[in-house]
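Visitor: Contents of protein.txt (compact mmCIF, C-alpha atoms):
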# COMPACT_ATOMS: atom_id res chain seq x y z
CA MET X 806 -8.42 49.85 -39.26
CA SER X 807 -7.50 47.96 -36.16
CA THR X 808 -6.63 44.37 -36.23
CA THR X 809 -7.10 41.89 -33.44
CA LEU X 810 -4.52 39.28 -32.87
CA ASP X 811 -5.90 36.00 -31.64
CA VAL X 812 -3.40 34.70 -29.20
CA GLU X 813 -3.78 31.06 -28.36
CA ARG X 814 -3.69 30.55 -24.67
CA PRO X 815 -1.41 27.77 -23.52
CA THR X 816 -3.26 24.86 -22.04
CA ARG X 817 -1.96 22.77 -19.22
CA SER X 818 -0.88 19.31 -20.11
CA PRO X 819 -3.25 16.69 -18.74
CA ARG X 820 -0.27 14.99 -17.20
CA LEU X 821 0.31 18.01 -14.98
CA ARG X 822 -3.21 18.18 -13.65
CA PRO X 823 -3.60 16.74 -10.20
CA ARG X 824 -5.96 13.82 -10.20
CA LEU X 825 -7.70 12.41 -7.17
CA ASN X 826 -7.31 8.66 -6.81
CA LEU X 827 -10.84 7.77 -5.75
CA ALA X 828 -9.91 4.14 -5.20
CA ALA X 829 -7.54 5.16 -2.40
CA LEU X 830 -10.13 7.30 -0.61
CA PRO X 831 -11.49 4.53 1.71
CA THR X 832 -7.93 3.58 2.70
CA VAL X 833 -7.09 7.20 3.45
CA ALA X 834 -10.28 7.39 5.53
CA ALA X 835 -9.17 4.32 7.51
CA VAL X 836 -5.79 5.93 8.26
CA VAL X 837 -7.52 9.14 9.36
CA ILE X 838 -9.91 7.22 11.62
CA LEU X 839 -7.01 5.32 13.20
CA ALA X 840 -5.23 8.62 13.89
CA ILE X 841 -8.40 10.15 15.37
CA MET X 842 -8.89 7.11 17.62
CA LEU X 843 -5.31 7.36 18.86
CA VAL X 844 -5.66 11.06 19.64
CA TYR X 845 -9.04 10.57 21.31
CA GLY X 846 -7.74 7.69 23.39
CA GLU X 847 -4.78 9.74 24.56
CA LEU X 848 -6.95 12.75 25.48
CA ALA X 849 -9.72 10.70 27.12
CA TYR X 850 -7.83 7.93 28.89
CA GLY X 851 -4.12 8.68 28.56
CA LYS X 852 -1.22 6.30 28.06
CA ILE X 853 -2.19 5.52 24.46
CA PHE X 854 0.89 7.08 22.89
CA GLN X 855 3.10 4.75 24.86
CA LEU X 856 5.48 2.18 23.54
CA ASN X 857 3.95 -0.68 25.50
CA THR X 858 0.40 0.16 24.31
CA LEU X 859 1.45 0.24 20.67
CA SER X 860 3.47 -2.94 21.14
CA ASN X 861 0.49 -4.76 22.63
CA LEU X 862 -1.71 -3.54 19.77
CA PHE X 863 0.45 -5.37 17.25
CA ILE X 864 1.09 -8.39 19.48
CA SER X 865 -2.61 -8.93 20.16
CA ASN X 866 -3.70 -8.51 16.55
CA SER X 867 -0.94 -10.34 14.65
CA TYR X 868 -3.26 -13.20 13.71
CA LEU X 869 -5.95 -10.77 12.47
CA ILE X 870 -3.43 -8.90 10.33
CA ILE X 871 -2.43 -12.17 8.66
CA LEU X 872 -6.05 -13.18 8.05
CA ALA X 873 -6.87 -9.74 6.63
CA VAL X 874 -3.94 -9.91 4.21
CA GLY X 875 -5.19 -13.25 2.89
CA LEU X 876 -8.77 -11.99 2.57
CA THR X 877 -7.51 -8.97 0.62
CA PHE X 878 -6.48 -11.19 -2.29
CA VAL X 879 -9.85 -12.92 -2.36
CA ILE X 880 -11.99 -9.80 -2.07
CA LEU X 881 -9.86 -7.91 -4.60
CA ALA X 882 -10.79 -10.59 -7.13
CA GLY X 883 -14.48 -10.23 -6.30
CA GLY X 884 -14.69 -13.35 -4.12
CA ILE X 885 -15.21 -14.13 -0.46
CA ASP X 886 -13.77 -16.67 1.98
CA LEU X 887 -15.90 -17.68 4.97
CA SER X 888 -13.76 -20.66 5.94
CA VAL X 889 -10.71 -18.99 7.49
CA GLY X 890 -11.95 -18.99 11.10
CA ALA X 891 -12.84 -22.68 11.01
CA VAL X 892 -9.56 -23.52 9.25
CA VAL X 893 -7.73 -21.80 12.12
CA ALA X 894 -9.59 -24.07 14.57
CA PHE X 895 -8.82 -27.29 12.69
CA ALA X 896 -5.20 -26.34 12.08
CA SER X 897 -4.72 -25.29 15.72
CA VAL X 898 -6.16 -28.47 17.20
CA SER X 899 -4.20 -30.59 14.72
CA GLY X 900 -0.94 -28.79 15.46
CA VAL X 901 -1.22 -29.02 19.23
CA MET X 902 -2.15 -32.71 19.07
CA LEU X 903 0.85 -33.37 16.83
CA VAL X 904 3.19 -31.60 19.24
CA ASN X 905 1.74 -33.46 22.23
CA ALA X 906 2.23 -36.71 20.30
CA GLY X 907 5.95 -36.01 20.02
CA VAL X 908 6.17 -34.37 16.59
CA PRO X 909 8.77 -31.56 16.49
CA SER X 910 7.22 -28.11 16.77
CA VAL X 911 8.59 -26.94 13.42
CA LEU X 912 7.03 -29.88 11.59
CA ALA X 913 3.73 -29.27 13.39
CA MET X 914 3.79 -25.64 12.27
CA VAL X 915 4.47 -26.67 8.69
CA ALA X 916 1.56 -29.12 8.89
CA MET X 917 -0.75 -26.36 10.14
CA VAL X 918 0.16 -24.06 7.26
CA ALA X 919 -0.25 -26.97 4.83
CA ILE X 920 -3.72 -27.70 6.22
CA GLY X 921 -4.72 -24.13 5.50
CA ALA X 922 -3.31 -24.30 1.98
CA VAL X 923 -5.20 -27.53 1.25
CA PHE X 924 -8.51 -26.02 2.35
CA GLY X 925 -7.79 -22.97 0.23
CA LEU X 926 -7.01 -25.20 -2.74
CA MET X 927 -10.30 -27.06 -2.32
CA SER X 928 -12.21 -23.78 -2.18
CA GLY X 929 -10.46 -22.50 -5.29
CA VAL X 930 -11.14 -25.69 -7.24
CA LEU X 931 -14.82 -25.60 -6.28
CA VAL X 932 -15.12 -21.96 -7.33
CA GLN X 933 -13.21 -22.18 -10.59
CA TYR X 934 -13.72 -25.68 -11.95
CA PHE X 935 -17.08 -26.64 -10.46
CA ASN X 936 -18.56 -23.16 -10.87
CA VAL X 937 -19.70 -23.02 -7.25
CA GLN X 938 -20.40 -19.56 -5.87
CA PRO X 939 -17.56 -18.45 -3.54
CA PHE X 940 -20.03 -17.93 -0.69
CA ILE X 941 -21.30 -21.52 -0.92
CA ALA X 942 -17.90 -23.10 -1.60
CA THR X 943 -16.18 -21.47 1.36
CA LEU X 944 -19.23 -22.00 3.57
CA ALA X 945 -18.94 -25.73 2.84
CA MET X 946 -15.25 -25.61 3.73
CA MET X 947 -16.13 -23.78 6.94
CA PHE X 948 -18.49 -26.55 8.05
CA LEU X 949 -15.99 -29.21 7.00
CA ALA X 950 -13.09 -27.65 8.91
CA ARG X 951 -15.18 -26.98 12.01
CA GLY X 952 -16.55 -30.53 11.95
CA LEU X 953 -13.10 -32.07 11.60
CA ALA X 954 -11.83 -29.96 14.50
CA SER X 955 -14.72 -31.22 16.64
CA ILE X 956 -14.00 -34.82 15.67
CA LEU X 957 -10.37 -34.42 16.74
CA SER X 958 -11.27 -32.97 20.12
CA THR X 959 -14.04 -31.09 21.88
CA ALA X 960 -11.85 -30.38 24.92
CA PRO X 961 -9.10 -27.76 25.02
CA GLU X 962 -5.75 -29.08 23.86
CA ARG X 963 -2.86 -27.46 25.72
CA LEU X 964 0.78 -26.95 24.86
CA ALA X 965 3.40 -27.45 27.54
CA ASP X 966 4.77 -24.19 28.89
CA ASP X 967 8.28 -25.16 27.80
CA SER X 968 7.18 -26.23 24.32
CA GLY X 969 9.33 -24.89 21.51
CA PHE X 970 6.10 -23.95 19.77
CA ARG X 971 5.57 -21.13 22.25
CA THR X 972 8.88 -19.41 21.48
CA LEU X 973 7.08 -17.52 18.72
CA SER X 974 5.36 -15.49 21.43
CA ASP X 975 8.57 -14.65 23.33
CA GLU X 976 8.95 -10.89 23.72
CA ILE X 977 12.02 -9.17 22.29
CA LYS X 978 12.74 -5.77 23.81
CA LEU X 979 13.75 -3.16 21.23
CA ILE X 980 13.60 -0.04 23.40
CA ASP X 981 13.98 -0.09 27.18
CA GLY X 982 11.63 2.63 28.34
CA PRO X 983 10.90 3.94 31.85
CA LYS X 984 8.37 2.21 34.12
CA LEU X 985 7.87 -0.84 31.90
CA ASN X 986 7.09 1.43 28.95
CA ASP X 987 9.10 -0.73 26.57
CA LEU X 988 8.87 -1.23 22.84
CA VAL X 989 8.74 -4.97 22.36
CA VAL X 990 7.98 -7.31 19.50
CA THR X 991 7.53 -11.02 19.23
CA PRO X 992 8.39 -13.39 16.37
CA ASN X 993 4.63 -13.46 15.72
CA VAL X 994 4.63 -9.71 15.05
CA VAL X 995 7.59 -10.12 12.72
CA ILE X 996 5.74 -12.90 10.88
CA ALA X 997 2.65 -10.69 10.51
CA LEU X 998 4.71 -7.79 9.15
CA LEU X 999 6.54 -10.09 6.75
CA VAL X 1000 3.22 -11.46 5.50
CA ALA X 1001 1.95 -7.90 4.95
CA GLY X 1002 5.16 -6.97 3.12
CA ALA X 1003 5.04 -10.09 0.97
CA GLY X 1004 1.38 -9.43 0.16
CA PHE X 1005 2.20 -5.88 -0.88
CA VAL X 1006 4.99 -6.99 -3.20
CA LEU X 1007 2.89 -9.80 -4.64
CA LEU X 1008 -0.04 -7.53 -5.42
CA HIS X 1009 1.80 -4.46 -6.66
CA ARG X 1010 5.01 -5.79 -8.16
CA THR X 1011 4.07 -9.03 -9.90
CA ARG X 1012 1.99 -10.20 -12.83
CA PHE X 1013 -0.04 -12.31 -10.43
CA GLY X 1014 -1.07 -9.20 -8.51
CA ARG X 1015 -2.01 -7.32 -11.65
CA THR X 1016 -4.13 -10.27 -12.71
CA VAL X 1017 -5.93 -10.26 -9.36
CA TYR X 1018 -6.84 -6.61 -9.84
CA ALA X 1019 -7.91 -7.27 -13.42
CA ILE X 1020 -10.20 -10.13 -12.39
CA GLY X 1021 -11.82 -7.93 -9.77
CA GLY X 1022 -12.32 -5.16 -12.30
CA SER X 1023 -13.82 -7.42 -14.97
CA GLU X 1024 -13.19 -11.14 -15.18
CA GLN X 1025 -14.44 -11.26 -18.76
CA SER X 1026 -12.05 -8.51 -19.84
CA ALA X 1027 -9.18 -10.21 -18.03
CA THR X 1028 -9.94 -13.43 -19.93
CA LEU X 1029 -10.06 -11.59 -23.26
CA MET X 1030 -6.67 -10.05 -22.50
CA GLY X 1031 -5.21 -13.53 -22.21
CA LEU X 1032 -4.50 -13.34 -18.49
CA PRO X 1033 -4.30 -16.64 -16.54
CA VAL X 1034 -7.68 -16.14 -14.87
CA ALA X 1035 -8.41 -19.76 -13.94
CA ARG X 1036 -5.04 -20.40 -12.34
CA THR X 1037 -5.08 -17.08 -10.51
CA LYS X 1038 -8.56 -17.63 -9.05
CA VAL X 1039 -7.43 -20.93 -7.58
CA TRP X 1040 -4.25 -19.41 -6.19
CA ILE X 1041 -5.97 -16.52 -4.40
CA TYR X 1042 -7.87 -19.04 -2.27
CA VAL X 1043 -4.66 -20.95 -1.65
CA VAL X 1044 -3.11 -17.69 -0.43
CA SER X 1045 -6.08 -17.06 1.86
CA GLY X 1046 -6.00 -20.61 3.23
CA THR X 1047 -2.23 -20.46 3.76
CA CYS X 1048 -2.65 -17.23 5.70
CA ALA X 1049 -5.33 -18.93 7.82
CA GLY X 1050 -2.93 -21.77 8.63
CA LEU X 1051 -0.21 -19.27 9.50
CA ALA X 1052 -2.64 -17.30 11.67
CA ALA X 1053 -3.36 -20.56 13.51
CA VAL X 1054 0.35 -20.95 14.22
CA VAL X 1055 0.61 -17.38 15.50
CA TYR X 1056 -2.49 -17.51 17.69
CA THR X 1057 -1.78 -20.97 19.12
CA SER X 1058 1.79 -20.07 20.07
CA LYS X 1059 0.51 -16.99 21.90
CA LEU X 1060 -2.38 -18.61 23.76
CA GLY X 1061 -0.96 -22.11 24.20
CA ILE X 1062 -4.42 -23.64 23.84
CA ALA X 1063 -6.35 -24.98 20.84
CA GLN X 1064 -10.10 -25.67 20.78
CA ASN X 1065 -12.65 -26.70 18.20
CA ILE X 1066 -14.45 -23.39 18.83
CA THR X 1067 -11.35 -21.29 18.20
CA GLY X 1068 -11.77 -18.76 15.43
CA THR X 1069 -15.55 -18.49 15.61
CA GLY X 1070 -16.48 -15.28 13.81
CA TRP X 1071 -12.91 -14.49 12.82
CA GLU X 1072 -13.77 -14.64 9.15
CA LEU X 1073 -16.17 -11.74 9.72
CA ASP X 1074 -13.52 -9.79 11.65
CA ALA X 1075 -11.04 -10.32 8.83
CA ILE X 1076 -13.57 -9.26 6.20
CA ALA X 1077 -14.43 -6.20 8.30
CA ALA X 1078 -10.74 -5.28 8.63
CA THR X 1079 -10.27 -5.66 4.87
CA VAL X 1080 -13.30 -3.55 4.02
CA ILE X 1081 -12.47 -0.88 6.62
CA GLY X 1082 -8.98 -0.80 5.13
CA GLY X 1083 -10.42 0.25 1.78
CA THR X 1084 -10.77 -2.91 -0.30
CA LEU X 1085 -13.97 -2.68 -2.35
CA LEU X 1086 -16.36 -5.58 -1.84
CA THR X 1087 -17.03 -5.51 -5.58
CA GLY X 1088 -13.33 -6.13 -6.20
CA GLY X 1089 -10.73 -4.39 -8.31
CA ALA X 1090 -9.55 -1.79 -5.78
CA GLY X 1091 -7.81 -1.99 -2.44
CA TYR X 1092 -4.45 -2.26 -0.71
CA VAL X 1093 -2.83 -4.81 1.58
CA LEU X 1094 -1.49 -2.06 3.83
CA GLY X 1095 -5.03 -0.72 4.12
CA SER X 1096 -6.13 -4.10 5.46
CA VAL X 1097 -3.38 -3.89 8.08
CA VAL X 1098 -4.72 -0.48 9.11
CA GLY X 1099 -8.24 -1.94 9.24
CA ALA X 1100 -7.06 -4.69 11.61
CA LEU X 1101 -5.40 -2.11 13.84
CA VAL X 1102 -8.60 -0.03 13.86
CA LEU X 1103 -10.56 -3.02 15.17
CA GLY X 1104 -7.86 -3.82 17.71
CA LEU X 1105 -7.65 -0.24 18.96
CA MET X 1106 -11.43 -0.12 19.22
CA ASN X 1107 -11.30 -3.00 21.69
CA VAL X 1108 -8.56 -1.24 23.65
CA LEU X 1109 -10.57 1.99 23.95
CA ILE X 1110 -13.73 0.14 24.99
CA THR X 1111 -11.75 -1.72 27.66
CA ARG X 1112 -10.17 1.52 28.88
CA ASP X 1113 -13.56 3.22 29.10
CA GLY X 1114 -15.05 0.56 31.34
CA SER X 1115 -18.62 1.88 31.06
CA ILE X 1116 -19.22 0.38 27.62
CA PRO X 1117 -20.27 -3.29 27.74
CA ALA X 1118 -18.11 -5.72 25.82
CA GLU X 1119 -21.12 -6.71 23.72
CA ALA X 1120 -21.17 -3.18 22.29
CA THR X 1121 -17.95 -3.92 20.41
CA THR X 1122 -19.84 -5.80 17.71
CA ILE X 1123 -22.38 -2.97 17.43
CA ILE X 1124 -19.66 -0.35 17.03
CA THR X 1125 -17.84 -2.56 14.54
CA GLY X 1126 -21.06 -2.91 12.55
CA VAL X 1127 -21.61 0.86 12.50
CA VAL X 1128 -18.04 1.51 11.35
CA LEU X 1129 -18.30 -1.21 8.71
CA LEU X 1130 -21.60 0.19 7.45
CA ALA X 1131 -20.07 3.65 7.16
CA PHE X 1132 -17.21 2.28 5.05
CA VAL X 1133 -19.58 0.28 2.83
CA ILE X 1134 -21.55 3.47 2.17
CA LEU X 1135 -18.29 5.28 1.41
CA GLN X 1136 -17.34 2.49 -0.99
CA ARG X 1137 -20.66 2.80 -2.78
CA ALA X 1138 -20.11 6.53 -3.17
CA VAL X 1139 -16.59 5.95 -4.49
CA THR X 1140 -17.81 3.30 -6.95
CA HIS X 1141 -20.52 5.65 -8.21
CA ALA X 1142 -18.02 8.49 -8.61
CA ARG X 1143 -15.59 6.25 -10.53
CA ARG X 1144 -18.33 5.25 -12.97
CA ARG X 1145 -19.12 8.89 -13.65
CA THR X 1146 -15.51 9.80 -14.42
Could you write out this structure as structure tokens?

Guide:
Amino acid sequence: MSTTLDVERPTRSPRLRPRLNLAALPTVAAVVILAIMLVYGELAYGKIFQLNTLSNLFISNSYLIILAVGLTFVILAGGIDLSVGAVVAFASVSGVMLVNAGVPSVLAMVAMVAIGAVFGLMSGVLVQYFNVQPFIATLAMMFLARGLASILSTAPERLADDSGFRTLSDEIKLIDGPKLNDLVVTPNVVIALLVAGAGFVLLHRTRFGRTVYAIGGSEQSATLMGLPVARTKVWIYVVSGTCAGLAAVVYTSKLGIAQNITGTGWELDAIAATVIGGTLLTGGAGYVLGSVVGALVLGLMNVLITRDGSIPAEATTIITGVVLLAFVILQRAVTHARRRT
């Protein structure tokens, strides 16, 4: 009589099984697209993988990086902020007028950042304590900021060329390359990178950041867990407004001019950069560094269109819309896949 021994097969521990992080998929896609655009630009037009081209990419888009970082906090929590472009305009005009009136540049910069923070605070209070929809609350702030900027001045306000304000745009050469192919940065670039680094630490290394993600995942659940939902929802708009004020400082120091029409449509560019970078519009998933990549994708897109020469400038918005639509569809697919798992 033969006997059969049942040998139990060892099973792999679930901890050892590789697991795909679906939430990171849109961000990975943004990085891949940026790499593809760089390679295509080099093959098609040349001189893309040059130090001066990469330097100009960061210099030209420092303000957008800062705005995208601020919008990341808001969108992660399931909100929206339409006021940032108008806040940039009001803060810029106010800052330049203060400097021209004899106020020290540093104090004018502080005032500009404070203006942004105040507008963010008002948006947060409207959303949290008056139960106004974020779209309506920030739309009201947009009209208010744009109107105040127009009341201050409808003509361009200019900084003097020797103004201390403009030192933030002074180029600092890091690598002296051949034929003007230098790696340079400006204090504005450093500010943008510091903002991105601070945003990363705040979101991924603090209780505040974990609360932001929890609110975006489910505000009701976050409240039941005892998290400071009300305070956090106000603060995310303060962060966004502060970033708008800082973006105003960066942009004004680079251009040297402030107008009441400055920043028109920038809120949409910042939202597009955030979404392209992988932050879900429904909230709860996304990365600050992804938003930085999204801003660089938009900036590089403008560079490639300019290099091509045959594509009209108006096509930039069409291409941006197509790219944004593709990422929204990808986000929907990721959201659906996460619900099934």

Visitor: For atom CA of Thr832 of chain X and atom CA of Gly1099 of chain X, determine how far apart the two atoms are, in Å to one decimal place.

Guide: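 Computing it gives 8.6 Å between the two atoms.
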
Visitor: Please provide the set of residues having any atom within 12 Å of Gly1126 of chain X, restricted to all atoms listed in the file, with same-chain residues fewer than 3 positions apart removed, written as an mmCIF file with C-alpha atoms, keeping the file's coordinate frame.

Guide:
data_model
loop_
_atom_site.group_PDB
_atom_site.id
_atom_site.type_symbol
_atom_site.label_atom_id
_atom_site.label_comp_id
_atom_site.auth_asym_id
_atom_site.auth_seq_id
_atom_site.Cartn_x
_atom_site.Cartn_y
_atom_site.Cartn_z
ATOM 1 C CA LEU X 1073 -16.170 -11.740 9.720
ATOM 2 C CA ASP X 1074 -13.520 -9.790 11.650
ATOM 3 C CA ILE X 1076 -13.570 -9.260 6.200
ATOM 4 C CA ALA X 1077 -14.430 -6.200 8.300
ATOM 5 C CA ALA X 1078 -10.740 -5.280 8.630
ATOM 6 C CA VAL X 1080 -13.300 -3.550 4.020
ATOM 7 C CA ILE X 1081 -12.470 -0.880 6.620
ATOM 8 C CA LEU X 1103 -10.560 -3.020 15.170
ATOM 9 C CA GLU X 1119 -21.120 -6.710 23.720
ATOM 10 C CA ALA X 1120 -21.170 -3.180 22.290
ATOM 11 C CA THR X 1121 -17.950 -3.920 20.410
ATOM 12 C CA THR X 1122 -19.840 -5.800 17.710
ATOM 13 C CA ILE X 1123 -22.380 -2.970 17.430
ATOM 14 C CA LEU X 1129 -18.300 -1.210 8.710
ATOM 15 C CA LEU X 1130 -21.600 0.190 7.450
ATOM 16 C CA ALA X 1131 -20.070 3.650 7.160
ATOM 17 C CA PHE X 1132 -17.210 2.280 5.050
ATOM 18 C CA VAL X 1133 -19.580 0.280 2.830
#

Visitor: If you measure from atom CA of Gly1021 of chain X to atom CA of Leu881 of chain X, what distance in Å do you get, rounded to one decimal?

Guide: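 Computing the Euclidean distance for atom CA of Gly1021 of chain X and atom CA of Leu881 of chain X yields 5.5 Å.
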
Visitor: Quick one: residues within 9 Å of segment 929-945 of chain X, only C-alpha atoms, excluding same-chain residues fewer than 2 positions away - as a count of residues only?

Guide: 22

Visitor: Determine, using all atoms listed in the file, which residues of segment 1055-1100 of chain X have any atom at most 9 Å from an atom of segment 982-993 of chain X, and tabulate each with its shortest atom pair and distance in Å to one decimal place, rows ordered by chain and then rising number, as a Markdown table.

Guide:
| residue | atom | partner | partner_atom | distance |
| --- | --- | --- | --- | --- |
| X:Val1055 | CA | X:Asn993 | CA | 5.6 |
| X:Tyr1056 | CA | X:Asn993 | CA | 8.4 |
| X:Ser1058 | CA | X:Asn993 | CA | 8.4 |
| X:Lys1059 | CA | X:Asn993 | CA | 8.2 |

Visitor: Let me make sure I understand: among X:Ala882, X:Ile980, X:Ile996, X:Ile1116, which one has the smallest atom-to-atom distance to Val1034 of chain X if we use only C-alpha atoms?

Guide: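 Residue with the minimum atom-to-atom distance to Val1034 of chain X: X:Ala882.
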
Visitor: From (-11.6, -7.8, -11.9), in the file's coordinates, out to 12 Å: which residues are reached, counting all atoms listed in the file? Answer as a PDB file with C-alpha atoms, keeping the file's coordinate frame.

Guide:
ATOM      1  CA  PHE X 878      -6.480 -11.190  -2.290  1.00  0.00           C
ATOM      2  CA  VAL X 879      -9.850 -12.920  -2.360  1.00  0.00           C
ATOM      3  CA  ILE X 880     -11.990  -9.800  -2.070  1.00  0.00           C
ATOM      4  CA  LEU X 881      -9.860  -7.910  -4.600  1.00  0.00           C
ATOM      5  CA  ALA X 882     -10.790 -10.590  -7.130  1.00  0.00           C
ATOM      6  CA  GLY X 883     -14.480 -10.230  -6.300  1.00  0.00           C
ATOM      7  CA  GLY X 884     -14.690 -13.350  -4.120  1.00  0.00           C
ATOM      8  CA  GLY X1014      -1.070  -9.200  -8.510  1.00  0.00           C
ATOM      9  CA  ARG X1015      -2.010  -7.320 -11.650  1.00  0.00           C
ATOM     10  CA  THR X1016      -4.130 -10.270 -12.710  1.00  0.00           C
ATOM     11  CA  VAL X1017      -5.930 -10.260  -9.360  1.00  0.00           C
ATOM     12  CA  TYR X1018      -6.840  -6.610  -9.840  1.00  0.00           C
ATOM     13  CA  ALA X1019      -7.910  -7.270 -13.420  1.00  0.00           C
ATOM     14  CA  ILE X1020     -10.200 -10.130 -12.390  1.00  0.00           C
ATOM     15  CA  GLY X1021     -11.820  -7.930  -9.770  1.00  0.00           C
ATOM     16  CA  GLY X1022     -12.320  -5.160 -12.300  1.00  0.00           C
ATOM     17  CA  SER X1023     -13.820  -7.420 -14.970  1.00  0.00           C
ATOM     18  CA  GLU X1024     -13.190 -11.140 -15.180  1.00  0.00           C
ATOM     19  CA  GLN X1025     -14.440 -11.260 -18.760  1.00  0.00           C
ATOM     20  CA  SER X1026     -12.050  -8.510 -19.840  1.00  0.00           C
ATOM     21  CA  ALA X1027      -9.180 -10.210 -18.030  1.00  0.00           C
ATOM     22  CA  THR X1028      -9.940 -13.430 -19.930  1.00  0.00           C
ATOM     23  CA  MET X1030      -6.670 -10.050 -22.500  1.00  0.00           C
ATOM     24  CA  LEU X1032      -4.500 -13.340 -18.490  1.00  0.00           C
ATOM     25  CA  VAL X1034      -7.680 -16.140 -14.870  1.00  0.00           C
ATOM     26  CA  THR X1037      -5.080 -17.080 -10.510  1.00  0.00           C
ATOM     27  CA  LYS X1038      -8.560 -17.630  -9.050  1.00  0.00           C
ATOM     28  CA  LEU X1085     -13.970  -2.680  -2.350  1.00  0.00           C
ATOM     29  CA  LEU X1086     -16.360  -5.580  -1.840  1.00  0.00           C
ATOM     30  CA  THR X1087     -17.030  -5.510  -5.580  1.00  0.00           C
ATOM     31  CA  GLY X1088     -13.330  -6.130  -6.200  1.00  0.00           C
ATOM     32  CA  GLY X1089     -10.730  -4.390  -8.310  1.00  0.00           C
ATOM     33  CA  ALA X1090      -9.550  -1.790  -5.780  1.00  0.00           C
ATOM     34  CA  GLY X1091      -7.810  -1.990  -2.440  1.00  0.00           C
TER      35      GLY X1091
END

Visitor: List the residues sitting within 12 Å of (-7.1, -21.3, 13.4) in the file's frame, using all atoms listed in the file, as a ChimeraX atom specification.

Guide: /X:868-869,871-872,888-901,914,917-918,920-921,947,950-951,954,1046-1058,1060,1062-1072

Visitor: Which polymer residues have any atom within 9 Å of an atom of Asn866 of chain X, counting only C-alpha atoms, with same-chain residues fewer than 5 positions away left out, as a ChimeraX atom specification?

Guide: /X:861,871,994,1100-1101,1103-1104

Visitor: Atom CA of Leu998 of chain X and atom CA of Asp981 of chain X, how far apart in Å?

Guide: 21.7 Å

Visitor: Out of X:Thr1111, X:Ser1045, X:Gln1136, X:Thr1084, which residue has the shortest atom-to-atom distance to Val923 of chain X when counting all atoms listed in the file?

Guide: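 Among X:Thr1111, X:Ser1045, X:Gln1136, X:Thr1084, it is X:Ser1045 that comes nearest to Val923 of chain X.
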
Visitor: Applying 12 Å and all atoms listed in the file, which residues near Val1108 of chain X remain after dropping the ones on its own chain fewer than 5 positions away? List them as an mmCIF file with C-alpha atoms, in the coordinates of the input.

Guide:
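out.cif written:
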data_model
loop_
_atom_site.group_PDB
_atom_site.id
_atom_site.type_symbol
_atom_site.label_atom_id
_atom_site.label_comp_id
_atom_site.auth_asym_id
_atom_site.auth_seq_id
_atom_site.Cartn_x
_atom_site.Cartn_y
_atom_site.Cartn_z
ATOM 1 C CA MET X 842 -8.890 7.110 17.620
ATOM 2 C CA LEU X 843 -5.310 7.360 18.860
ATOM 3 C CA GLY X 846 -7.740 7.690 23.390
ATOM 4 C CA GLU X 847 -4.780 9.740 24.560
ATOM 5 C CA TYR X 850 -7.830 7.930 28.890
ATOM 6 C CA GLY X 851 -4.120 8.680 28.560
ATOM 7 C CA LYS X 852 -1.220 6.300 28.060
ATOM 8 C CA ILE X 853 -2.190 5.520 24.460
ATOM 9 C CA THR X 858 0.400 0.160 24.310
ATOM 10 C CA LEU X 859 1.450 0.240 20.670
ATOM 11 C CA ASN X 861 0.490 -4.760 22.630
ATOM 12 C CA LEU X 862 -1.710 -3.540 19.770
ATOM 13 C CA PHE X 863 0.450 -5.370 17.250
ATOM 14 C CA SER X 865 -2.610 -8.930 20.160
ATOM 15 C CA ASN X 866 -3.700 -8.510 16.550
ATOM 16 C CA LEU X 1101 -5.400 -2.110 13.840
ATOM 17 C CA VAL X 1102 -8.600 -0.030 13.860
ATOM 18 C CA LEU X 1103 -10.560 -3.020 15.170
ATOM 19 C CA ASP X 1113 -13.560 3.220 29.100
ATOM 20 C CA GLY X 1114 -15.050 0.560 31.340
ATOM 21 C CA ILE X 1116 -19.220 0.380 27.620
ATOM 22 C CA ALA X 1118 -18.110 -5.720 25.820
ATOM 23 C CA THR X 1121 -17.950 -3.920 20.410
#
